[in-house]
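Q: data.txt is reproduced in full below (compact mmCIF, C-alpha atoms).
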# COMPACT_ATOMS: atom_id res chain seq x y z
CA MET A 1 0.59 -62.84 -56.34
CA ILE A 2 -0.11 -60.98 -59.59
CA ALA A 3 -0.48 -62.98 -62.83
CA ASP A 4 2.69 -61.39 -64.28
CA GLN A 5 4.64 -62.48 -61.20
CA VAL A 6 3.34 -66.06 -61.52
CA GLU A 7 4.37 -66.13 -65.17
CA SER A 8 7.81 -64.70 -64.36
CA MET A 9 8.26 -67.21 -61.53
CA ALA A 10 7.50 -70.02 -63.98
CA LYS A 11 10.07 -68.68 -66.46
CA VAL A 12 12.71 -68.34 -63.72
CA ALA A 13 11.94 -71.87 -62.53
CA LYS A 14 12.45 -73.15 -66.08
CA ILE A 15 15.80 -71.31 -66.39
CA LEU A 16 16.97 -72.75 -63.07
CA GLY A 17 15.53 -76.21 -63.71
CA VAL A 18 13.57 -76.19 -60.44
CA ASP A 19 9.91 -75.87 -59.45
CA ARG A 20 8.23 -72.59 -58.51
CA GLU A 21 8.33 -73.44 -54.80
CA GLU A 22 12.13 -73.62 -54.95
CA VAL A 23 12.17 -70.23 -56.71
CA ALA A 24 10.04 -68.83 -53.88
CA VAL A 25 12.48 -70.26 -51.31
CA LEU A 26 15.48 -68.75 -53.12
CA LEU A 27 13.64 -65.43 -53.33
CA SER A 28 12.79 -65.42 -49.62
CA GLU A 29 16.40 -66.25 -48.73
CA SER A 30 17.74 -63.50 -51.03
CA ARG A 31 19.63 -66.08 -53.09
CA LEU A 32 17.61 -65.92 -56.32
CA ALA A 33 19.77 -63.31 -58.09
CA GLY A 34 22.93 -65.32 -57.44
CA ALA A 35 21.28 -68.53 -58.63
CA LEU A 36 20.10 -66.83 -61.82
CA VAL A 37 23.52 -65.34 -62.57
CA SER A 38 25.11 -68.77 -62.01
CA ALA A 39 22.55 -70.44 -64.29
CA LEU A 40 23.13 -67.84 -67.00
CA ARG A 41 26.91 -68.29 -66.65
CA ASP A 42 26.46 -72.07 -67.01
CA ARG A 43 24.52 -71.44 -70.24
CA GLY A 44 27.36 -69.34 -71.64
CA THR A 45 26.14 -65.84 -70.80
CA ARG A 46 28.86 -63.59 -69.51
CA PRO A 47 27.62 -61.90 -66.30
CA THR A 48 28.30 -58.29 -67.29
CA PRO A 49 27.08 -55.46 -65.06
CA ALA A 50 24.14 -54.98 -67.45
CA VAL A 51 23.15 -58.66 -67.09
CA LYS A 52 23.45 -58.48 -63.30
CA ASN A 53 21.38 -55.28 -63.29
CA SER A 54 18.66 -56.97 -65.36
CA VAL A 55 18.65 -59.96 -63.01
CA GLU A 56 18.34 -57.64 -59.99
CA LYS A 57 15.39 -55.84 -61.62
CA LEU A 58 13.68 -59.15 -62.32
CA VAL A 59 14.20 -60.32 -58.75
CA LYS A 60 12.85 -56.99 -57.43
CA GLN A 61 9.70 -57.47 -59.54
CA LEU A 62 9.21 -60.95 -58.09
CA GLU A 63 9.45 -59.80 -54.48
CA PRO A 64 6.07 -59.72 -52.74
CA LYS A 65 4.58 -56.27 -52.62
CA GLU A 66 3.95 -54.93 -49.14
CA GLU A 67 0.46 -53.72 -48.46
CA PRO A 68 0.34 -50.02 -47.63
CA PRO A 69 -0.34 -49.40 -43.94
CA GLU A 70 -3.87 -48.70 -42.87
CA PRO A 71 -4.57 -45.00 -42.42
CA ALA A 72 -4.48 -43.92 -38.80
CA GLN A 73 -7.85 -43.98 -37.13
CA VAL A 74 -8.83 -41.01 -34.99
CA ASN A 75 -10.49 -42.02 -31.73
CA PHE A 76 -13.25 -39.68 -30.69
CA GLY A 77 -13.97 -41.64 -27.52
CA SER A 78 -17.61 -42.50 -26.93
CA LEU A 79 -18.65 -40.49 -30.00
CA ALA A 80 -17.14 -43.23 -32.18
CA GLU A 81 -19.58 -45.84 -30.83
CA ASP A 82 -22.67 -43.66 -31.41
CA PRO A 83 -24.04 -44.38 -34.92
CA PHE A 84 -25.47 -40.85 -35.12
CA THR A 85 -22.13 -39.18 -34.45
CA SER A 86 -19.64 -41.66 -35.93
CA GLU A 87 -19.37 -39.47 -39.01
CA MET A 88 -18.85 -35.82 -38.33
CA THR A 89 -17.38 -32.70 -39.78
CA VAL A 90 -14.42 -31.15 -38.04
CA THR A 91 -13.60 -27.52 -38.60
CA ILE A 92 -10.12 -26.17 -38.00
CA MET A 93 -9.71 -22.43 -37.80
CA PHE A 94 -6.44 -20.59 -38.22
CA THR A 95 -6.26 -17.04 -36.95
CA ASP A 96 -3.76 -14.24 -36.78
CA ILE A 97 -3.54 -11.66 -34.04
CA VAL A 98 -2.87 -8.17 -35.29
CA GLY A 99 0.55 -7.07 -34.11
CA SER A 100 1.62 -10.55 -32.92
CA THR A 101 4.80 -10.51 -35.00
CA GLU A 102 5.84 -7.20 -33.46
CA ILE A 103 5.09 -8.49 -29.93
CA ASN A 104 7.12 -11.68 -30.61
CA GLN A 105 10.06 -9.66 -31.86
CA ARG A 106 9.93 -7.26 -28.94
CA LEU A 107 9.32 -9.72 -26.07
CA GLY A 108 10.55 -13.06 -27.41
CA ASP A 109 8.52 -16.21 -28.01
CA ARG A 110 7.95 -17.28 -24.39
CA ASP A 111 6.80 -13.91 -23.03
CA ALA A 112 4.67 -13.21 -26.10
CA ARG A 113 2.98 -16.62 -25.72
CA ASN A 114 2.28 -15.89 -22.03
CA ILE A 115 0.60 -12.61 -22.95
CA MET A 116 -1.55 -14.23 -25.60
What is this file in structure tokens?

A:
Amino acid sequence: MIADQVESMAKVAKILGVDREEVAVLLSESRLAGALVSALRDRGTRPTPAVKNSVEKLVKQLEPKEEPPEPAQVNFGSLAEDPFTSEMTVTIMFTDIVGSTEINQRLGDRDARNIM
């Protein structure tokens, strides 16, 4: 958890009159926003849409951040186990066949692909 999140959790715990573990439980059960709005109402704050929006933003900031997924690994079979070939350069070549557009238009995709 980031230091800002820990500090915010402590402030929320103080507002609610509970410990940080209880705040974490409310957060995991998606009940933290409701508990905060109720606590603010009990303290005399009218829960206007702006107040509710601010509470929702705060709760969103407290939610644990998901780690981005690992990039997909390409398996090159036995080459991947060989230390001399585990890093390699791959070249991709794009080509164009002169007149291919005309052939596609005249014959259609399937027949043009068969000819090529």

Q: Could you list, as a list in words, every residue within 12 Å of Ser28 of chain A, counting all atoms listed in the file and ignoring same-chain residues fewer than 6 positions away?

A: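 After dropping sequence-adjacent residues, the list is Glu21, Glu22, Val59, Lys60, Leu62, Glu63 and Pro64 of chain A.
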
Q: Using atom CA of Met9 of chain A and atom CA of Glu70 of chain A as the two end points, give the distance in Å to one decimal.

A: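 Rounded to one decimal, the two atoms are 28.9 Å apart.
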
Q: For Asp42 of chain A, which of A:Met116, A:Ala10, A:Ile15, A:Phe94 is the closest residue, counting all atoms listed in the file?

A: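 Comparing A:Met116, A:Ala10, A:Ile15, A:Phe94 against Asp42 of chain A, the winner is A:Ile15.
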
Q: Would you please work out which residue, of A:Glu56, A:Arg43, A:Ile103, A:Val98, is nearest to Arg31 of chain A when using all atoms listed in the file?

A: A:Glu56

Q: Name all residues at most 9 Å from Ala39 of chain A (count only C-alpha atoms; drop same-chain ones fewer than 5 positions away) and give them as a list in words.

A: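 The residues that qualify are Ile15, Leu16, Gly34, Gly44 and Thr45 of chain A.
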
Q: Could you jot down the atom CA of Thr48 of chain A to atom CA of Lys65 of chain A separation for me, Å, one decimal place?

A: 28.0 Å

Q: For each of A:Leu27, A:Ala13, A:Val18, A:Leu40, take the minimum atom-to-atom distance to Lys52 of chain A, counting only C-alpha atoms, then give the residue where this is smallest.

A: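 The shortest atom-to-atom distance to Lys52 of chain A comes from A:Leu40.
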
Q: What does the distance between atom CA of Glu66 of chain A and atom CA of Ser8 of chain A come to in Å, to one decimal place?

A: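 We find that atom CA of Glu66 of chain A and atom CA of Ser8 of chain A lie 18.5 Å from each other.
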
Q: Closest to Arg20 of chain A among A:Val6, A:Leu107, A:Leu36, A:Val51, using only C-alpha atoms?

A: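 Of all the options, A:Val6 lies closest to Arg20 of chain A.
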
Q: Taking the structure in the block just given, could you write segment 87-100 of chain A with N, CA and C atoms, as a PDB file, in the first residue's frame?

A:
ATOM      1  N   GLU A  87      18.121 -14.747 -26.838  1.00  0.00           N
ATOM      2  CA  GLU A  87      17.834 -13.410 -27.334  1.00  0.00           C
ATOM      3  C   GLU A  87      18.130 -13.413 -28.823  1.00  0.00           C
ATOM      4  N   MET A  88      17.156 -12.961 -29.582  1.00  0.00           N
ATOM      5  CA  MET A  88      17.369 -12.969 -31.024  1.00  0.00           C
ATOM      6  C   MET A  88      16.621 -11.821 -31.653  1.00  0.00           C
ATOM      7  N   THR A  89      16.989 -11.519 -32.851  1.00  0.00           N
ATOM      8  CA  THR A  89      16.300 -10.491 -33.617  1.00  0.00           C
ATOM      9  C   THR A  89      15.360 -11.178 -34.580  1.00  0.00           C
ATOM     10  N   VAL A  90      14.160 -10.672 -34.654  1.00  0.00           N
ATOM     11  CA  VAL A  90      13.167 -11.210 -35.572  1.00  0.00           C
ATOM     12  C   VAL A  90      12.876 -10.129 -36.590  1.00  0.00           C
ATOM     13  N   THR A  91      12.899 -10.494 -37.843  1.00  0.00           N
ATOM     14  CA  THR A  91      12.604  -9.545 -38.907  1.00  0.00           C
ATOM     15  C   THR A  91      11.289  -9.927 -39.551  1.00  0.00           C
ATOM     16  N   ILE A  92      10.423  -8.938 -39.698  1.00  0.00           N
ATOM     17  CA  ILE A  92       9.138  -9.151 -40.354  1.00  0.00           C
ATOM     18  C   ILE A  92       9.159  -8.313 -41.626  1.00  0.00           C
ATOM     19  N   MET A  93       8.841  -8.947 -42.730  1.00  0.00           N
ATOM     20  CA  MET A  93       8.869  -8.247 -44.007  1.00  0.00           C
ATOM     21  C   MET A  93       7.456  -8.171 -44.577  1.00  0.00           C
ATOM     22  N   PHE A  94       7.066  -7.000 -44.988  1.00  0.00           N
ATOM     23  CA  PHE A  94       5.788  -6.792 -45.646  1.00  0.00           C
ATOM     24  C   PHE A  94       6.070  -6.533 -47.123  1.00  0.00           C
ATOM     25  N   THR A  95       5.337  -7.184 -47.969  1.00  0.00           N
ATOM     26  CA  THR A  95       5.560  -6.996 -49.404  1.00  0.00           C
ATOM     27  C   THR A  95       4.238  -6.682 -50.091  1.00  0.00           C
ATOM     28  N   ASP A  96       4.362  -6.226 -51.306  1.00  0.00           N
ATOM     29  CA  ASP A  96       3.189  -5.961 -52.132  1.00  0.00           C
ATOM     30  C   ASP A  96       3.470  -6.558 -53.500  1.00  0.00           C
ATOM     31  N   ILE A  97       2.492  -7.220 -54.040  1.00  0.00           N
ATOM     32  CA  ILE A  97       2.639  -7.813 -55.367  1.00  0.00           C
ATOM     33  C   ILE A  97       2.023  -6.848 -56.371  1.00  0.00           C
ATOM     34  N   VAL A  98       2.806  -6.495 -57.365  1.00  0.00           N
ATOM     35  CA  VAL A  98       2.330  -5.561 -58.380  1.00  0.00           C
ATOM     36  C   VAL A  98       1.098  -6.147 -59.063  1.00  0.00           C
ATOM     37  N   GLY A  99       0.042  -5.370 -59.090  1.00  0.00           N
ATOM     38  CA  GLY A  99      -1.180  -5.796 -59.753  1.00  0.00           C
ATOM     39  C   GLY A  99      -2.100  -6.627 -58.876  1.00  0.00           C
ATOM     40  N   SER A 100      -1.762  -6.819 -57.592  1.00  0.00           N
ATOM     41  CA  SER A 100      -2.585  -7.684 -56.729  1.00  0.00           C
ATOM     42  C   SER A 100      -3.972  -7.096 -56.486  1.00  0.00           C
TER      43      SER A 100
END
